[in-house]
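Raw contents of run16.tsv, TSV, C-alpha atoms and all ligand atoms:
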```tsv
chain	number	residue	atom	x	y	z
A	1	MET	CA	-23.03	9.98	30.67
A	2	THR	CA	-26.54	10.61	32.03
A	3	ALA	CA	-28.29	8.47	34.66
A	4	PHE	CA	-30.54	7.17	31.88
A	5	GLN	CA	-27.70	5.65	29.84
A	6	ASP	CA	-26.70	2.02	30.27
A	7	SER	CA	-22.88	1.73	30.33
A	8	THR	CA	-23.02	-1.83	28.94
A	9	ILE	CA	-24.49	-0.65	25.61
A	10	PRO	CA	-21.70	0.37	23.20
A	11	LEU	CA	-21.83	4.02	22.20
A	12	PRO	CA	-22.72	4.83	18.57
A	13	ILE	CA	-19.63	5.50	16.42
A	14	ALA	CA	-20.19	9.29	16.42
A	15	GLU	CA	-20.12	9.37	20.24
A	16	ARG	CA	-17.13	7.17	21.01
A	17	PRO	CA	-13.48	8.14	20.63
A	18	VAL	CA	-11.93	7.24	17.28
A	19	THR	CA	-9.59	4.23	17.49
A	20	ILE	CA	-6.00	4.40	16.28
A	21	GLY	CA	-6.79	1.84	13.55
A	22	GLU	CA	-9.56	4.11	12.24
A	23	MET	CA	-7.19	7.09	12.32
A	24	VAL	CA	-4.72	5.25	10.10
A	25	VAL	CA	-7.39	4.12	7.66
A	26	ALA	CA	-8.60	7.75	7.39
A	27	ASP	CA	-5.07	9.13	6.90
A	28	TYR	CA	-2.33	6.52	6.34
A	29	ARG	CA	0.42	9.13	6.95
A	30	LYS	CA	-0.44	8.83	10.66
A	31	ALA	CA	0.97	5.29	10.64
A	32	GLU	CA	4.42	6.90	10.62
A	33	VAL	CA	3.74	8.53	14.02
A	34	PHE	CA	2.44	5.29	15.55
A	35	ARG	CA	5.36	3.37	14.11
A	36	LYS	CA	7.78	5.88	15.61
A	37	TYR	CA	6.32	5.29	19.09
A	38	GLY	CA	5.99	1.53	18.67
A	39	ILE	CA	2.17	1.73	18.91
A	40	ASP	CA	0.55	-1.24	17.19
A	41	TYR	CA	-2.10	0.28	14.91
A	42	CYS	CA	-2.95	-3.02	13.25
A	43	CYS	CA	-3.83	-5.92	15.56
A	44	GLY	CA	-3.90	-3.59	18.58
A	45	GLY	CA	-5.59	-0.81	16.65
A	46	LYS	CA	-9.03	-1.09	18.23
A	47	LYS	CA	-8.03	1.19	21.14
A	48	PRO	CA	-8.48	4.94	21.41
A	49	LEU	CA	-5.29	6.99	21.38
A	50	GLU	CA	-5.33	7.71	25.11
A	51	GLU	CA	-5.49	4.04	26.07
A	52	ALA	CA	-2.75	3.05	23.61
A	53	CYS	CA	-0.48	5.83	24.91
A	54	ARG	CA	-1.15	4.97	28.55
A	55	LYS	CA	-0.03	1.38	27.95
A	56	LYS	CA	3.25	2.66	26.48
A	57	GLY	CA	3.78	5.34	29.16
A	58	LEU	CA	3.47	8.08	26.53
A	59	ASP	CA	1.89	11.52	26.81
A	60	PRO	CA	-1.24	11.32	24.59
A	61	ASN	CA	-1.23	15.13	24.10
A	62	LEU	CA	2.26	14.97	22.63
A	63	VAL	CA	1.35	12.14	20.25
A	64	GLN	CA	-1.88	13.95	19.30
A	65	GLN	CA	0.14	17.07	18.45
A	66	GLU	CA	2.28	15.03	16.07
A	67	LEU	CA	-0.81	13.46	14.49
A	68	ASP	CA	-2.33	16.94	14.00
A	69	ALA	CA	0.91	18.15	12.41
A	70	VAL	CA	0.83	15.25	9.94
A	71	GLU	CA	-2.77	16.08	9.06
A	72	LYS	CA	-1.99	19.75	8.50
A	73	ARG	CA	1.07	19.06	6.37
A	74	PRO	CA	0.39	21.18	3.31
A	75	ALA	CA	0.43	19.83	-0.20
A	76	ALA	CA	3.67	20.74	-1.92
A	77	ALA	CA	3.42	24.27	-3.22
A	78	HIS	CA	3.94	24.72	-6.92
A	79	GLN	CA	7.55	25.52	-7.61
A	80	ASP	CA	9.01	26.44	-10.94
A	81	PHE	CA	12.11	24.25	-10.80
A	82	ASN	CA	12.93	25.15	-14.35
A	83	THR	CA	14.29	28.51	-13.16
A	84	TRP	CA	16.47	27.08	-10.37
A	85	GLU	CA	20.27	27.00	-10.39
A	86	LEU	CA	21.35	23.40	-11.08
A	87	ASP	CA	23.25	22.96	-7.81
A	88	ALA	CA	20.21	24.20	-5.84
A	89	LEU	CA	17.97	21.81	-7.75
A	90	ALA	CA	20.32	18.86	-7.08
A	91	ASP	CA	20.30	19.80	-3.36
A	92	HIS	CA	16.52	19.98	-3.36
A	93	ILE	CA	16.28	16.53	-4.98
A	94	VAL	CA	18.56	15.06	-2.31
A	95	GLU	CA	16.84	16.81	0.60
A	96	LYS	CA	13.30	16.08	-0.47
A	97	HIS	CA	13.27	12.95	-2.59
A	98	HIS	CA	16.39	11.00	-1.60
A	99	ARG	CA	15.60	11.58	2.09
A	100	TYR	CA	12.00	10.51	1.49
A	101	VAL	CA	13.11	7.28	-0.23
A	102	ALA	CA	15.64	6.54	2.53
A	103	ALA	CA	12.99	7.08	5.24
A	104	SER	CA	10.35	5.03	3.41
A	105	LEU	CA	12.43	1.96	2.59
A	106	PRO	CA	12.49	0.43	6.12
A	107	ILE	CA	8.73	0.99	6.52
A	108	LEU	CA	7.98	-0.59	3.16
A	109	TYR	CA	10.45	-3.46	3.65
A	110	GLU	CA	8.67	-4.33	6.89
A	111	LEU	CA	5.16	-3.91	5.49
A	112	THR	CA	5.68	-5.80	2.21
A	113	ALA	CA	7.23	-8.73	4.12
A	114	LYS	CA	4.57	-8.75	6.86
A	115	VAL	CA	1.58	-8.51	4.53
A	116	ALA	CA	3.03	-11.15	2.15
A	117	ARG	CA	3.67	-13.46	5.12
A	118	VAL	CA	0.17	-13.09	6.58
A	119	HIS	CA	-1.92	-12.85	3.40
A	120	GLY	CA	0.35	-14.33	0.70
A	121	GLU	CA	-1.43	-17.65	0.63
A	122	ARG	CA	-4.79	-16.13	-0.30
A	123	HIS	CA	-3.23	-13.31	-2.33
A	124	PRO	CA	-0.04	-14.70	-3.99
A	125	GLU	CA	0.48	-11.38	-5.82
A	126	LEU	CA	1.61	-9.95	-2.46
A	127	VAL	CA	4.67	-12.24	-2.51
A	128	GLU	CA	5.57	-10.95	-5.97
A	129	ILE	CA	5.00	-7.34	-4.83
A	130	ALA	CA	7.40	-7.91	-1.92
A	131	ARG	CA	10.01	-9.37	-4.29
A	132	LEU	CA	9.67	-6.51	-6.76
A	133	PHE	CA	9.81	-3.90	-4.02
A	134	ASN	CA	13.02	-5.43	-2.65
A	135	ALA	CA	14.55	-5.16	-6.12
A	136	VAL	CA	13.47	-1.51	-6.46
A	137	ALA	CA	14.77	-0.69	-2.99
A	138	GLN	CA	18.20	-2.19	-3.63
A	139	GLU	CA	18.48	-0.52	-7.02
A	140	LEU	CA	17.45	2.87	-5.65
A	141	GLN	CA	19.89	2.74	-2.75
A	142	MET	CA	22.85	2.23	-5.08
A	143	HIS	CA	21.42	4.68	-7.60
A	144	MET	CA	21.04	7.51	-5.08
A	145	HIS	CA	24.53	6.82	-3.73
A	146	LYS	CA	26.00	7.30	-7.22
A	147	GLU	CA	24.02	10.51	-7.75
A	148	GLU	CA	25.00	11.95	-4.37
A	149	HIS	CA	28.67	11.03	-4.57
A	150	VAL	CA	29.56	11.28	-8.25
A	151	LEU	CA	27.05	12.98	-10.52
A	152	PHE	CA	25.54	15.70	-8.34
A	153	PRO	CA	28.90	16.95	-6.96
A	154	TYR	CA	30.12	17.33	-10.56
A	155	ILE	CA	26.95	19.22	-11.52
A	156	ALA	CA	27.47	21.51	-8.49
A	157	LYS	CA	31.08	22.09	-9.56
A	158	MET	CA	29.95	23.00	-13.09
A	159	ALA	CA	27.30	25.40	-11.80
A	160	ALA	CA	29.80	27.10	-9.46
A	161	ALA	CA	32.44	27.37	-12.22
A	162	GLN	CA	29.89	28.88	-14.60
A	163	ARG	CA	28.82	31.50	-12.02
A	164	ILE	CA	32.35	32.84	-11.63
A	165	GLY	CA	33.49	32.15	-15.19
A	166	ALA	CA	36.17	29.68	-14.03
A	167	PRO	CA	37.45	26.89	-16.30
A	168	LEU	CA	36.04	23.41	-15.75
A	169	MET	CA	38.31	20.40	-15.29
A	170	PRO	CA	37.08	17.35	-17.26
A	171	PRO	CA	35.62	14.68	-14.95
A	172	PHE	CA	37.07	11.17	-14.62
A	173	PHE	CA	33.95	9.78	-16.34
A	174	GLY	CA	34.69	11.74	-19.53
A	175	SER	CA	31.44	13.59	-20.01
A	176	VAL	CA	28.38	14.18	-17.82
A	177	GLU	CA	26.39	12.36	-20.50
A	178	ASN	CA	27.89	9.01	-19.42
A	179	PRO	CA	26.60	8.86	-15.81
A	180	ILE	CA	23.36	10.53	-16.93
A	181	ARG	CA	22.74	7.76	-19.46
A	182	MET	CA	23.29	5.19	-16.71
A	183	MET	CA	20.99	7.03	-14.27
A	184	MET	CA	18.23	7.25	-16.89
A	185	ASP	CA	18.47	3.50	-17.61
A	186	GLU	CA	18.14	2.85	-13.88
A	187	HIS	CA	15.12	5.18	-13.64
A	188	GLU	CA	13.47	3.18	-16.38
A	189	SER	CA	14.14	-0.11	-14.63
A	190	ALA	CA	12.75	1.14	-11.27
A	191	GLY	CA	9.76	2.64	-13.10
A	192	GLU	CA	9.01	-0.70	-14.79
A	193	ASP	CA	9.12	-2.54	-11.46
A	194	MET	CA	6.79	0.05	-9.88
A	195	GLU	CA	4.47	-0.30	-12.87
A	196	ASP	CA	4.34	-4.07	-12.23
A	197	ILE	CA	3.57	-3.40	-8.56
A	198	ARG	CA	0.75	-1.06	-9.63
A	199	ARG	CA	-0.69	-3.70	-11.94
A	200	LEU	CA	-0.38	-6.52	-9.37
A	201	SER	CA	-2.04	-4.39	-6.69
A	202	ASP	CA	-4.91	-3.47	-9.04
A	203	ASP	CA	-3.91	0.20	-8.97
A	204	TYR	CA	-3.29	0.03	-5.21
A	205	THR	CA	-6.84	-1.11	-4.49
A	206	PRO	CA	-6.98	-3.31	-1.37
A	207	PRO	CA	-9.57	-6.11	-1.36
A	208	MET	CA	-12.71	-5.63	0.75
A	209	ASP	CA	-11.40	-7.91	3.51
A	210	ALA	CA	-7.95	-6.25	3.74
A	211	CYS	CA	-6.64	-5.48	7.24
A	212	THR	CA	-5.16	-2.14	8.24
A	213	SER	CA	-1.56	-3.15	7.41
A	214	TYR	CA	-2.66	-4.29	3.95
A	215	ARG	CA	-4.37	-0.92	3.34
A	216	VAL	CA	-1.44	1.06	4.73
A	217	LEU	CA	0.95	-0.89	2.49
A	218	PHE	CA	-1.01	-0.08	-0.68
A	219	ALA	CA	-1.47	3.58	0.29
A	220	LYS	CA	2.23	3.91	1.14
A	221	LEU	CA	3.30	2.18	-2.10
A	222	HIS	CA	1.07	4.56	-4.01
A	223	GLU	CA	2.63	7.56	-2.23
A	224	PHE	CA	6.12	6.11	-2.92
A	225	GLU	CA	5.35	5.77	-6.63
A	226	GLN	CA	4.03	9.34	-6.82
A	227	ASP	CA	7.16	10.68	-5.11
A	228	LEU	CA	9.35	8.64	-7.47
A	229	HIS	CA	7.52	10.11	-10.46
A	230	GLN	CA	8.19	13.69	-9.30
A	231	HIS	CA	11.80	12.79	-8.39
A	232	VAL	CA	12.54	11.23	-11.79
A	233	HIS	CA	10.72	14.06	-13.57
A	234	LEU	CA	13.03	16.65	-11.96
A	235	GLU	CA	16.12	14.66	-12.97
A	236	ASN	CA	15.16	13.39	-16.44
A	237	ASN	CA	13.36	16.50	-17.64
A	238	ILE	CA	15.17	19.38	-15.95
A	239	LEU	CA	18.43	18.60	-14.15
A	240	PHE	CA	19.96	16.19	-16.66
A	241	PRO	CA	19.27	17.98	-19.98
A	242	LYS	CA	20.35	21.30	-18.46
A	243	SER	CA	23.55	19.72	-17.11
A	244	ILE	CA	24.40	18.33	-20.55
A	245	ALA	CA	23.77	21.76	-22.12
A	246	MET	CA	25.86	23.49	-19.42
A	247	GLU	CA	28.79	21.13	-20.00
A	248	LYS	CA	28.64	21.67	-23.77
A	249	GLU	CA	28.69	25.44	-23.19
A	250	ALA	CA	31.68	25.15	-20.83
A	251	VAL	CA	33.62	22.99	-23.30
A	252	ALA	CA	32.88	25.40	-26.19
A	253	ALA	CA	33.96	28.44	-24.16
B	301	FE	FE	17.73	10.96	-7.55
B	302	FE	FE	17.92	9.35	-10.25
```

Represent the supplied structure as structure tokens.
Amino acid sequence: MTAFQDSTIPLPIAERPVTIGEMVVADYRKAEVFRKYGIDYCCGGKKPLEEACRKKGLDPNLVQQELDAVEKRPAAAHQDFNTWELDALADHIVEKHHRYVAASLPILYELTAKVARVHGERHPELVEIARLFNAVAQELQMHMHKEEHVLFPYIAKMAAAQRIGAPLMPPFFGSVENPIRMMMDEHESAGEDMEDIRRLSDDYTPPMDACTSYRVLFAKLHEFEQDLHQHVHLENNILFPKSIAMEKEAVAA
């Protein structure tokens, strides 16, 4: 600051450090880093990063590095999953999409409840969004458990047997088509609930007066829906039909 500047006059936006609230509005993925360190980016979001870290006894350089890493996270590279072995594809679905859902559920539980509690009176659709999200979350938890413990291990067994030309023992559920039918019904139900959330949130458009949490919630719900679309696409359109075809081939052999 020069001798000619008056320290009581606030600096123009371009000259002052960006606040943590502004960082989250610009890139909502950064909320995950602040949440991890217990930094309040909503009500306490008007502070620059250094000040917020100092209050928590955190190293601001370390937190900044994590924020930079989030920003540089590349968009998913195009991958031709249609050529993948079925067990590798099932592993990929678990590692990428099931882990993503499991990590997102606590964040979205907290946010849907908080935003509905604070703004539900003026925006009653938020209460309905919280209810619908709870239903989706519970359904998906049970759904992923069944895939990881019943369906996907059988698909992996089929793929391994096919590779070495070994015979395949029939599963306790009769045919792979039975759990697949159930999984596809559950995908449809979760998809319908997410569609209702999209409609109620006006395509994830926060109102003009929405606070940071409100905006983060809509952005995160939008991200969650997009991930779910890719997840269900890989199962419904690639993994499941190929598993049914593989089983038919094994039975005919
Ligand atoms: Fe899945
Ligand atoms: Fe699924």

Select from chain A every residue with an atom at most 12 Å from any atom of ligand FE 301 (chain B), then for each give the shortest pair of atoms and their distance in Å to one decimal, using all atoms listed in the file, rows by chain and rising number, as JSON lines.
```
{"residue": "A:Leu89", "atom": "CA", "partner": "B:FE301", "partner_atom": "FE", "distance": 10.9}
{"residue": "A:Ala90", "atom": "CA", "partner": "B:FE301", "partner_atom": "FE", "distance": 8.3}
{"residue": "A:Asp91", "atom": "CA", "partner": "B:FE301", "partner_atom": "FE", "distance": 10.1}
{"residue": "A:His92", "atom": "CA", "partner": "B:FE301", "partner_atom": "FE", "distance": 10.0}
{"residue": "A:Ile93", "atom": "CA", "partner": "B:FE301", "partner_atom": "FE", "distance": 6.3}
{"residue": "A:Val94", "atom": "CA", "partner": "B:FE301", "partner_atom": "FE", "distance": 6.7}
{"residue": "A:Glu95", "atom": "CA", "partner": "B:FE301", "partner_atom": "FE", "distance": 10.1}
{"residue": "A:Lys96", "atom": "CA", "partner": "B:FE301", "partner_atom": "FE", "distance": 9.8}
{"residue": "A:His97", "atom": "CA", "partner": "B:FE301", "partner_atom": "FE", "distance": 7.0}
{"residue": "A:His98", "atom": "CA", "partner": "B:FE301", "partner_atom": "FE", "distance": 6.1}
{"residue": "A:Arg99", "atom": "CA", "partner": "B:FE301", "partner_atom": "FE", "distance": 9.9}
{"residue": "A:Tyr100", "atom": "CA", "partner": "B:FE301", "partner_atom": "FE", "distance": 10.7}
{"residue": "A:Val101", "atom": "CA", "partner": "B:FE301", "partner_atom": "FE", "distance": 9.4}
{"residue": "A:Ala102", "atom": "CA", "partner": "B:FE301", "partner_atom": "FE", "distance": 11.2}
{"residue": "A:Glu139", "atom": "CA", "partner": "B:FE301", "partner_atom": "FE", "distance": 11.5}
{"residue": "A:Leu140", "atom": "CA", "partner": "B:FE301", "partner_atom": "FE", "distance": 8.3}
{"residue": "A:Gln141", "atom": "CA", "partner": "B:FE301", "partner_atom": "FE", "distance": 9.8}
{"residue": "A:Met142", "atom": "CA", "partner": "B:FE301", "partner_atom": "FE", "distance": 10.4}
{"residue": "A:His143", "atom": "CA", "partner": "B:FE301", "partner_atom": "FE", "distance": 7.3}
{"residue": "A:Met144", "atom": "CA", "partner": "B:FE301", "partner_atom": "FE", "distance": 5.4}
{"residue": "A:His145", "atom": "CA", "partner": "B:FE301", "partner_atom": "FE", "distance": 8.8}
{"residue": "A:Lys146", "atom": "CA", "partner": "B:FE301", "partner_atom": "FE", "distance": 9.0}
{"residue": "A:Glu147", "atom": "CA", "partner": "B:FE301", "partner_atom": "FE", "distance": 6.3}
{"residue": "A:Glu148", "atom": "CA", "partner": "B:FE301", "partner_atom": "FE", "distance": 8.0}
{"residue": "A:His149", "atom": "CA", "partner": "B:FE301", "partner_atom": "FE", "distance": 11.3}
{"residue": "A:Val150", "atom": "CA", "partner": "B:FE301", "partner_atom": "FE", "distance": 11.9}
{"residue": "A:Leu151", "atom": "CA", "partner": "B:FE301", "partner_atom": "FE", "distance": 10.0}
{"residue": "A:Phe152", "atom": "CA", "partner": "B:FE301", "partner_atom": "FE", "distance": 9.2}
{"residue": "A:Ile180", "atom": "CA", "partner": "B:FE301", "partner_atom": "FE", "distance": 10.9}
{"residue": "A:Met183", "atom": "CA", "partner": "B:FE301", "partner_atom": "FE", "distance": 8.4}
{"residue": "A:Met184", "atom": "CA", "partner": "B:FE301", "partner_atom": "FE", "distance": 10.1}
{"residue": "A:Glu186", "atom": "CA", "partner": "B:FE301", "partner_atom": "FE", "distance": 10.3}
{"residue": "A:His187", "atom": "CA", "partner": "B:FE301", "partner_atom": "FE", "distance": 8.8}
{"residue": "A:Ala190", "atom": "CA", "partner": "B:FE301", "partner_atom": "FE", "distance": 11.6}
{"residue": "A:Asp227", "atom": "CA", "partner": "B:FE301", "partner_atom": "FE", "distance": 10.9}
{"residue": "A:Leu228", "atom": "CA", "partner": "B:FE301", "partner_atom": "FE", "distance": 8.7}
{"residue": "A:His229", "atom": "CA", "partner": "B:FE301", "partner_atom": "FE", "distance": 10.7}
{"residue": "A:Gln230", "atom": "CA", "partner": "B:FE301", "partner_atom": "FE", "distance": 10.1}
{"residue": "A:His231", "atom": "CA", "partner": "B:FE301", "partner_atom": "FE", "distance": 6.3}
{"residue": "A:Val232", "atom": "CA", "partner": "B:FE301", "partner_atom": "FE", "distance": 6.7}
{"residue": "A:His233", "atom": "CA", "partner": "B:FE301", "partner_atom": "FE", "distance": 9.7}
{"residue": "A:Leu234", "atom": "CA", "partner": "B:FE301", "partner_atom": "FE", "distance": 8.6}
{"residue": "A:Glu235", "atom": "CA", "partner": "B:FE301", "partner_atom": "FE", "distance": 6.8}
{"residue": "A:Asn236", "atom": "CA", "partner": "B:FE301", "partner_atom": "FE", "distance": 9.6}
{"residue": "A:Leu239", "atom": "CA", "partner": "B:FE301", "partner_atom": "FE", "distance": 10.1}
{"residue": "A:Phe240", "atom": "CA", "partner": "B:FE301", "partner_atom": "FE", "distance": 10.7}
```

Kindly save the residues from that selection, with C-alpha atoms included, as a CSV table (one decimal), keeping the file's coordinate frame.
```
chain,number,residue,atom,x,y,z
A,89,LEU,CA,18.0,21.8,-7.8
A,90,ALA,CA,20.3,18.9,-7.1
A,91,ASP,CA,20.3,19.8,-3.4
A,92,HIS,CA,16.5,20.0,-3.4
A,93,ILE,CA,16.3,16.5,-5.0
A,94,VAL,CA,18.6,15.1,-2.3
A,95,GLU,CA,16.8,16.8,0.6
A,96,LYS,CA,13.3,16.1,-0.5
A,97,HIS,CA,13.3,13.0,-2.6
A,98,HIS,CA,16.4,11.0,-1.6
A,99,ARG,CA,15.6,11.6,2.1
A,100,TYR,CA,12.0,10.5,1.5
A,101,VAL,CA,13.1,7.3,-0.2
A,102,ALA,CA,15.6,6.5,2.5
A,139,GLU,CA,18.5,-0.5,-7.0
A,140,LEU,CA,17.4,2.9,-5.6
A,141,GLN,CA,19.9,2.7,-2.8
A,142,MET,CA,22.8,2.2,-5.1
A,143,HIS,CA,21.4,4.7,-7.6
A,144,MET,CA,21.0,7.5,-5.1
A,145,HIS,CA,24.5,6.8,-3.7
A,146,LYS,CA,26.0,7.3,-7.2
A,147,GLU,CA,24.0,10.5,-7.8
A,148,GLU,CA,25.0,12.0,-4.4
A,149,HIS,CA,28.7,11.0,-4.6
A,150,VAL,CA,29.6,11.3,-8.2
A,151,LEU,CA,27.0,13.0,-10.5
A,152,PHE,CA,25.5,15.7,-8.3
A,180,ILE,CA,23.4,10.5,-16.9
A,183,MET,CA,21.0,7.0,-14.3
A,184,MET,CA,18.2,7.2,-16.9
A,186,GLU,CA,18.1,2.8,-13.9
A,187,HIS,CA,15.1,5.2,-13.6
A,190,ALA,CA,12.8,1.1,-11.3
A,227,ASP,CA,7.2,10.7,-5.1
A,228,LEU,CA,9.4,8.6,-7.5
A,229,HIS,CA,7.5,10.1,-10.5
A,230,GLN,CA,8.2,13.7,-9.3
A,231,HIS,CA,11.8,12.8,-8.4
A,232,VAL,CA,12.5,11.2,-11.8
A,233,HIS,CA,10.7,14.1,-13.6
A,234,LEU,CA,13.0,16.6,-12.0
A,235,GLU,CA,16.1,14.7,-13.0
A,236,ASN,CA,15.2,13.4,-16.4
A,239,LEU,CA,18.4,18.6,-14.2
A,240,PHE,CA,20.0,16.2,-16.7
```

Figure out the distance between CA of Tyr214 (chain A) and CA of Val115 (chain A), please, to one decimal in Å.
->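 CA of Tyr214 (chain A) lies 6.0 Å from CA of Val115 (chain A).
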
Which residue gives the smallest distance to Ala113 (chain A) among A:Ile244, A:Ala69, A:Leu217, A:Ile164, with only C-alpha atoms counted?
-> A:Leu217

So which residues touch region 246-253 of chain A within 9 Å, counting only C-alpha atoms, skipping near sequence neighbours fewer than 6 positions away, as JSON, numbers by chain?
-> {"A": [155, 158, 159, 161, 162, 167, 168, 170, 175, 176]}

Computed interatomic separation between CA of Ile129 (chain A) and CA of Ile197 (chain A) (Å) |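 About the pair CA of Ile129 (chain A) and CA of Ile197 (chain A): they are 5.6 Å apart.
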
For Val18 (chain A), list every protein, DNA or RNA residue within 9 Å, evaluated using all atoms listed in the file, and leave out those in the same chain fewer than 5 positions away; present the list as a compact mmCIF listing (two decimals) with C-alpha atoms, keeping the file's coordinate frame.
```
# COMPACT_ATOMS: atom_id res chain seq x y z
CA ILE A 13 -19.63 5.50 16.42
CA MET A 23 -7.19 7.09 12.32
CA LYS A 46 -9.03 -1.09 18.23
CA LYS A 47 -8.03 1.19 21.14
CA PRO A 48 -8.48 4.94 21.41
CA LEU A 49 -5.29 6.99 21.38
```

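The shortest atom-to-atom distance to Ser189 (chain A), with all atoms listed in the file taken into account, belongs to A:Leu132 out of A:Phe172, A:Leu132, A:Ser213, A:Arg163.
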
note - CA of Ala88 (chain A) and CA of Glu223 (chain A) are separated by 24.5 Å
